[in-house]
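Novice: For reference, the structure I am asking about is given below.
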Amino acid sequence: MIRKLAIISTIAASLLAGAASFASAEEPRAGGVINFVAPYGSSFSSLDIHASAQVQDEFWAKAIHRSLYDWDANDNKPVLGLATDVSISDDKLTYTYKLRQDAYFHDGKQMTADDIIYSYTRIMDPAKAYPAAQYISNIKGATEYNEGKAKEISGLKKIDDFTLAITLTDPIDPAFQFMPNYTAIYPAGAAEKEGFFTHPVGLGPYKFAEYVPGSRLTVEKNDKYYDKGKPYADKINIMIMGDASARDVAFRNKEVDVSVLGPAQYVAYKADPELAKNILEVAEVYTRYVGFNPDFKPFQDKRVRQAINYAIDSDLIIKRLAKEKAYRAAGWLPVSSPAYDKDAKPYPYDPEKAKALLAEAGYPDGFEFELTATQNESWGLTIVEAIIPMLDKVGIKVKAKPVESSVLSEAVPGGDFQAFMWSSESGPDSLTALRCFYSKTPQASCNYEKFNNADFDKLIDEARQAATEDEKNELLRKANNLLQEEAPVWFFNYNKAVMAYQPWLHGVQPNSMEMAIQSYEKLWVDDTVPNR
């Protein structure tokens, strides 16, 4: 699935173009300390990135580890990371990688094909349920190994120490699968050694130095990093700051170098002449939505699902509550997707149309359902409270069910809901994003609404076999439009990620995959950075 991701939306294109101008005309300066933030929780869940499904853990992993592919945020595409070249078989099933010979683990061991085979095999360990297995499962024999039916993954073949052949089950390019931080390459056998997960060893630009749970994780410069001349900073403190107000205070006091902004802070920072100078905005590949469980009878009827989309004034909510820190959703794929249809129109606010559809579906007096959500200000109970009176106007009664984030992340894949509100990845790979609505994709994986539509499946199957990127994207565009018409969810918005950065910090990247996750080796501070 390697592909150039062109920004289709004019809005997104202008944002990314503006972001590119943040590169300083000065030469990068070596040295200094950067205080970064991990903004999505009060702790890290694990120092074993294979075992994590938390975005919060990607902040430390991006500094310490490396995967077979990397993400180029400026060009908005995946690139080879631990390989210098790749050749593809005529049937597009086997990828043969020439591995880097200048990549050394922090313990001094040179990376070879054995380390990649070890890491991918470990991820598919049948005795464990590693979340990263979803990215490795397309390798031939991976599922059989995971199910205990084979002793090894047949699709992984070492040609020599620095040549690795990977055979897939489908003719798709695996760049997006082998790129996530969750698929990081460990030294062969290291994970079984005592102390590895209190002092992780990787191939990244920074080496583990210290972890203070609930406070920070500190990494120090890896002088033997394969990208010569990088990293620039001597040390990075990754500060654990899940509270938005705490980040705001620390940023204004110049204690941290970046801050991820919520809606209220976005308005405040834009209104401040000084703070507004250093704000980065990106159309992230996340879609905010309400998902409907088809086991709940009213949601089995497409007209009911459409009625909910017509009954909610999404534009008003984005303006009043999201403070314009969002893009209105017109389908599942975001504006940063190459398969986004720039001519697609979102559902208009039309409560009379909603009432008519409900009557046609046999619910002239409406019905009642329970909506599970967290406290998140951008896609949680705040939004639920806004849609309750709107749906009430067309006869639909909504009862909010507040839960913690950890409860929601278990309830949704398990189907324990009538409806839920969440934010899910909808890119950067359009095919992978839409496969979450493919009928053969399990609910536990990402088909949370158990969507089943033969026409949609046919378009996805054809897209997987498409001869060109243009042909594939046209098929996916049709699939996305069909999905919007079928309305398995309430399409709310695509996230506009916003990050403020201090004037002395340079090299910030417009990462549409996850704004706050930066390639730390590209960051540097000039000599105006304050002594802390």
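Residue numbers start at 1 in each chain; chains themselves are named A, B, ... in the order of the structure tokens; ligands are numbered from 1 in the order shown.
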Based on the backbone DSSP call, show me all residues of range 286-389 of chain A assigned strand (DSSP E), as a CSV table (one decimal) with all heavy atoms, in the first residue's frame.

Specialist:
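Writing done, so here's selection-v1.csv:
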chain,number,residue,atom,x,y,z
A,286,TYR,N,-8.2,11.7,11.2
A,286,TYR,CA,-9.1,11.2,12.2
A,286,TYR,C,-10.5,11.7,12.0
A,286,TYR,O,-10.7,12.9,11.7
A,286,TYR,CB,-8.7,11.6,13.6
A,286,TYR,CG,-7.5,10.8,14.2
A,286,TYR,CD1,-6.2,11.2,13.9
A,286,TYR,CD2,-7.7,9.7,14.9
A,286,TYR,CE1,-5.1,10.5,14.4
A,286,TYR,CE2,-6.6,9.0,15.4
A,286,TYR,CZ,-5.3,9.4,15.1
A,286,TYR,OH,-4.2,8.7,15.6
A,287,THR,N,-11.5,10.8,12.0
A,287,THR,CA,-12.9,11.1,11.8
A,287,THR,C,-13.6,11.0,13.2
A,287,THR,O,-13.5,10.0,13.8
A,287,THR,CB,-13.5,10.3,10.7
A,287,THR,OG1,-12.9,10.5,9.5
A,287,THR,CG2,-15.0,10.6,10.6
A,288,ARG,N,-14.3,12.0,13.5
A,288,ARG,CA,-15.2,12.0,14.8
A,288,ARG,C,-16.6,11.6,14.4
A,288,ARG,O,-17.1,12.2,13.4
A,288,ARG,CB,-15.1,13.4,15.5
A,288,ARG,CG,-13.9,13.6,16.3
A,288,ARG,CD,-12.6,13.9,15.6
A,288,ARG,NE,-11.5,14.0,16.4
A,288,ARG,CZ,-11.1,15.1,17.0
A,288,ARG,NH1,-11.7,16.2,16.8
A,288,ARG,NH2,-10.0,15.1,17.8
A,289,TYR,N,-17.2,10.8,15.1
A,289,TYR,CA,-18.5,10.2,14.7
A,289,TYR,C,-19.3,9.6,15.8
A,289,TYR,O,-18.7,9.3,16.9
A,289,TYR,CB,-18.3,9.2,13.6
A,289,TYR,CG,-17.5,8.0,14.1
A,289,TYR,CD1,-18.1,6.8,14.3
A,289,TYR,CD2,-16.1,8.1,14.3
A,289,TYR,CE1,-17.4,5.7,14.8
A,289,TYR,CE2,-15.4,7.0,14.8
A,289,TYR,CZ,-16.0,5.8,15.0
A,289,TYR,OH,-15.3,4.7,15.5
A,290,VAL,N,-20.5,9.2,15.6
A,290,VAL,CA,-21.3,8.4,16.4
A,290,VAL,C,-21.6,7.1,15.6
A,290,VAL,O,-22.1,7.1,14.5
A,290,VAL,CB,-22.6,9.0,16.9
A,290,VAL,CG1,-23.6,8.0,17.5
A,290,VAL,CG2,-22.4,10.2,17.8
A,291,GLY,N,-21.2,5.9,16.2
A,291,GLY,CA,-21.4,4.7,15.5
A,291,GLY,C,-22.7,4.0,16.0
A,291,GLY,O,-23.0,4.1,17.2
A,292,PHE,N,-23.4,3.3,15.1
A,292,PHE,CA,-24.7,2.7,15.5
A,292,PHE,C,-24.5,1.2,15.5
A,292,PHE,O,-23.9,0.6,14.6
A,292,PHE,CB,-25.7,3.1,14.4
A,292,PHE,CG,-25.9,4.6,14.3
A,292,PHE,CD1,-25.8,5.1,13.0
A,292,PHE,CD2,-26.1,5.4,15.3
A,292,PHE,CE1,-26.0,6.5,12.8
A,292,PHE,CE2,-26.2,6.8,15.2
A,292,PHE,CZ,-26.2,7.3,13.9
A,326,ALA,N,-12.1,22.1,13.4
A,326,ALA,CA,-12.6,20.9,12.8
A,326,ALA,C,-13.0,21.2,11.4
A,326,ALA,O,-13.3,22.3,11.0
A,326,ALA,CB,-13.7,20.3,13.6
A,327,TYR,N,-13.0,20.1,10.6
A,327,TYR,CA,-13.6,20.2,9.2
A,327,TYR,C,-14.8,19.3,9.2
A,327,TYR,O,-14.8,18.2,9.6
A,327,TYR,CB,-12.6,19.7,8.2
A,327,TYR,CG,-11.2,20.4,8.2
A,327,TYR,CD1,-10.1,19.9,8.9
A,327,TYR,CD2,-11.1,21.7,7.7
A,327,TYR,CE1,-8.9,20.5,8.9
A,327,TYR,CE2,-9.9,22.4,7.7
A,327,TYR,CZ,-8.8,21.8,8.3
A,327,TYR,OH,-7.6,22.5,8.4
A,328,ARG,N,-15.9,19.9,8.6
A,328,ARG,CA,-17.1,19.1,8.5
A,328,ARG,C,-16.9,17.8,7.7
A,328,ARG,O,-16.4,17.9,6.6
A,328,ARG,CB,-18.2,20.0,7.9
A,328,ARG,CG,-19.6,19.3,7.7
A,328,ARG,CD,-20.3,19.1,9.0
A,328,ARG,NE,-21.4,18.3,8.8
A,328,ARG,CZ,-22.6,18.6,8.3
A,328,ARG,NH1,-22.8,19.9,7.9
A,328,ARG,NH2,-23.6,17.8,8.2
A,368,GLU,N,-36.0,5.6,21.5
A,368,GLU,CA,-35.0,6.0,22.5
A,368,GLU,C,-33.8,5.1,22.4
A,368,GLU,O,-33.9,3.9,22.1
A,368,GLU,CB,-35.5,5.9,23.9
A,368,GLU,CG,-34.6,6.3,25.0
A,368,GLU,CD,-35.2,6.3,26.4
A,368,GLU,OE1,-36.4,6.4,26.5
A,368,GLU,OE2,-34.4,6.2,27.4
A,369,PHE,N,-32.6,5.7,22.6
A,369,PHE,CA,-31.4,4.9,22.6
A,369,PHE,C,-30.3,5.4,23.5
A,369,PHE,O,-30.4,6.6,23.9
A,369,PHE,CB,-30.8,4.7,21.2
A,369,PHE,CG,-30.1,5.9,20.6
A,369,PHE,CD1,-28.7,6.1,20.8
A,369,PHE,CD2,-30.8,6.8,19.8
A,369,PHE,CE1,-28.1,7.2,20.2
A,369,PHE,CE2,-30.2,7.9,19.2
A,369,PHE,CZ,-28.9,8.1,19.4
A,370,GLU,N,-29.4,4.6,23.9
A,370,GLU,CA,-28.3,4.9,24.8
A,370,GLU,C,-27.0,5.2,24.0
A,370,GLU,O,-26.7,4.5,23.1
A,370,GLU,CB,-28.1,3.8,25.8
A,370,GLU,CG,-27.1,4.1,26.9
A,370,GLU,CD,-26.9,2.9,27.8
A,370,GLU,OE1,-26.3,1.9,27.4
A,370,GLU,OE2,-27.5,3.0,29.0
A,371,LEU,N,-26.4,6.3,24.4
A,371,LEU,CA,-25.2,6.7,23.7
A,371,LEU,C,-24.0,6.8,24.6
A,371,LEU,O,-24.0,7.6,25.6
A,371,LEU,CB,-25.4,8.1,23.0
A,371,LEU,CG,-24.2,8.8,22.3
A,371,LEU,CD1,-23.6,7.8,21.3
A,371,LEU,CD2,-24.7,10.0,21.5
A,372,THR,N,-23.0,5.9,24.4
A,372,THR,CA,-21.9,5.8,25.3
A,372,THR,C,-20.8,6.7,24.8
A,372,THR,O,-20.4,6.8,23.7
A,372,THR,CB,-21.3,4.3,25.3
A,372,THR,OG1,-22.4,3.4,25.6
A,372,THR,CG2,-20.2,4.1,26.2
A,373,ALA,N,-20.2,7.5,25.8
A,373,ALA,CA,-19.2,8.5,25.4
A,373,ALA,C,-18.3,8.8,26.6
A,373,ALA,O,-18.7,8.5,27.8
A,373,ALA,CB,-19.8,9.8,24.9

Novice: Identify, on the basis of only C-alpha atoms, every residue whose closest approach to Arg252 in chain A does not exceed 12 Å; exclude the query and any residue fewer than 5 positions from it along the same chain; express the result as a list in words.

Specialist: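 Listed by chain and then number, they are Ser245, Ala246, Arg247, Asp257, Val258, Ser259, Gln265, Ala268, Tyr269, Asp272, Glu274, Leu275, Ala500, Tyr501 and Gln502 of chain A.
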
Novice: Convert the current residue selection to file output with N, CA, C and O atoms, as an mmCIF file, in the first residue's frame.

Specialist:
data_model
loop_
_atom_site.group_PDB
_atom_site.id
_atom_site.type_symbol
_atom_site.label_atom_id
_atom_site.label_comp_id
_atom_site.auth_asym_id
_atom_site.auth_seq_id
_atom_site.Cartn_x
_atom_site.Cartn_y
_atom_site.Cartn_z
ATOM 1 N N SER A 245 -5.107 22.364 30.703
ATOM 2 C CA SER A 245 -4.794 23.601 31.430
ATOM 3 C C SER A 245 -3.364 23.582 31.952
ATOM 4 O O SER A 245 -2.680 24.616 31.968
ATOM 5 N N ALA A 246 -2.885 22.407 32.345
ATOM 6 C CA ALA A 246 -1.495 22.292 32.812
ATOM 7 C C ALA A 246 -0.527 22.550 31.662
ATOM 8 O O ALA A 246 0.511 23.217 31.839
ATOM 9 N N ARG A 247 -0.847 22.044 30.476
ATOM 10 C CA ARG A 247 0.000 22.313 29.311
ATOM 11 C C ARG A 247 0.024 23.797 28.985
ATOM 12 O O ARG A 247 1.066 24.364 28.647
ATOM 13 N N ASP A 257 8.175 23.232 25.207
ATOM 14 C CA ASP A 257 8.408 23.829 23.898
ATOM 15 C C ASP A 257 7.255 23.670 22.924
ATOM 16 O O ASP A 257 7.240 24.311 21.875
ATOM 17 N N VAL A 258 6.293 22.812 23.247
ATOM 18 C CA VAL A 258 5.110 22.647 22.413
ATOM 19 C C VAL A 258 3.894 22.459 23.306
ATOM 20 O O VAL A 258 4.017 22.069 24.473
ATOM 21 N N SER A 259 2.714 22.713 22.737
ATOM 22 C CA SER A 259 1.469 22.438 23.446
ATOM 23 C C SER A 259 0.389 22.110 22.428
ATOM 24 O O SER A 259 0.208 22.847 21.449
ATOM 25 N N GLN A 265 -8.478 26.732 23.856
ATOM 26 C CA GLN A 265 -7.134 27.272 23.765
ATOM 27 C C GLN A 265 -6.828 27.747 22.354
ATOM 28 O O GLN A 265 -6.104 28.731 22.155
ATOM 29 N N ALA A 268 -8.071 31.202 22.085
ATOM 30 C CA ALA A 268 -7.268 32.115 22.891
ATOM 31 C C ALA A 268 -5.899 32.377 22.265
ATOM 32 O O ALA A 268 -5.423 33.522 22.229
ATOM 33 N N TYR A 269 -5.265 31.332 21.750
ATOM 34 C CA TYR A 269 -3.925 31.497 21.169
ATOM 35 C C TYR A 269 -3.994 32.293 19.864
ATOM 36 O O TYR A 269 -3.108 33.097 19.578
ATOM 37 N N ASP A 272 -4.100 35.962 20.558
ATOM 38 C CA ASP A 272 -2.898 36.547 21.158
ATOM 39 C C ASP A 272 -1.881 36.841 20.053
ATOM 40 O O ASP A 272 -1.415 35.921 19.378
ATOM 41 N N GLU A 274 1.275 37.404 19.919
ATOM 42 C CA GLU A 274 2.554 36.702 19.996
ATOM 43 C C GLU A 274 2.381 35.201 19.829
ATOM 44 O O GLU A 274 3.074 34.553 19.049
ATOM 45 N N LEU A 275 1.429 34.615 20.554
ATOM 46 C CA LEU A 275 1.217 33.175 20.474
ATOM 47 C C LEU A 275 0.758 32.755 19.080
ATOM 48 O O LEU A 275 1.095 31.667 18.598
ATOM 49 N N ALA A 500 0.868 24.537 19.227
ATOM 50 C CA ALA A 500 1.657 25.759 19.405
ATOM 51 C C ALA A 500 3.091 25.353 19.727
ATOM 52 O O ALA A 500 3.328 24.358 20.402
ATOM 53 N N TYR A 501 4.031 26.122 19.230
ATOM 54 C CA TYR A 501 5.436 25.826 19.509
ATOM 55 C C TYR A 501 6.171 27.126 19.815
ATOM 56 O O TYR A 501 5.799 28.207 19.336
ATOM 57 N N GLN A 502 7.190 27.032 20.621
ATOM 58 C CA GLN A 502 7.939 28.212 21.041
ATOM 59 C C GLN A 502 8.780 28.749 19.881
ATOM 60 O O GLN A 502 9.204 27.995 19.000
#

Novice: So that I can check the surroundings of range 151-162 of chain A, please list as a list of chain:residue names every protein, DNA and RNA residue that reaches within 7 Å of it, counting only C-alpha atoms and ignoring chain neighbours fewer than 3 positions away.

Specialist: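 Final neighbour list, sorted by chain and number: A:Lys98, A:Leu99, A:Gln101, A:Thr112, A:Ala113, A:Ile117, A:Thr121, A:Ile139, A:Lys140, A:Gly141, A:Ala142, A:Tyr145, A:Ala165, A:Ile166, A:Thr167, A:Leu168.
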
Novice: Of the residues A:Pro389, A:Gly414, A:Pro298, A:Pro200, which is the one nearest to Gly366 in chain A, using only C-alpha atoms?

Specialist: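 Ranking A:Pro389, A:Gly414, A:Pro298, A:Pro200 by distance to Gly366 in chain A, first place goes to A:Pro298.
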
Novice: Would you mind reading off the distance between CA of Lys522 in chain A and CA of Asn74 in chain A, one decimal, in Å?

Specialist: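 These atoms are spaced 11.5 Å apart.
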
Novice: Please report the interatomic distance between CA of Thr198 in chain A and CA of Ser119 in chain A in Å with one decimal.

Specialist: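 Taking CA of Thr198 in chain A as the start and CA of Ser119 in chain A as the end point, the length is 18.1 Å.
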
Novice: Might you pull out every residue within 9 Å of range 431-443 of chain A, with only C-alpha atoms counted and same-chain residues fewer than 4 positions away left off, and present them as JSON, numbers by chain?

Specialist: {"A": [1, 176, 332, 333, 339, 412, 413, 414, 415, 425, 426, 427, 447, 448, 449, 450, 451, 452, 453, 454, 456, 457, 460, 463, 464, 472, 473, 476, 479, 480, 483, 488]}
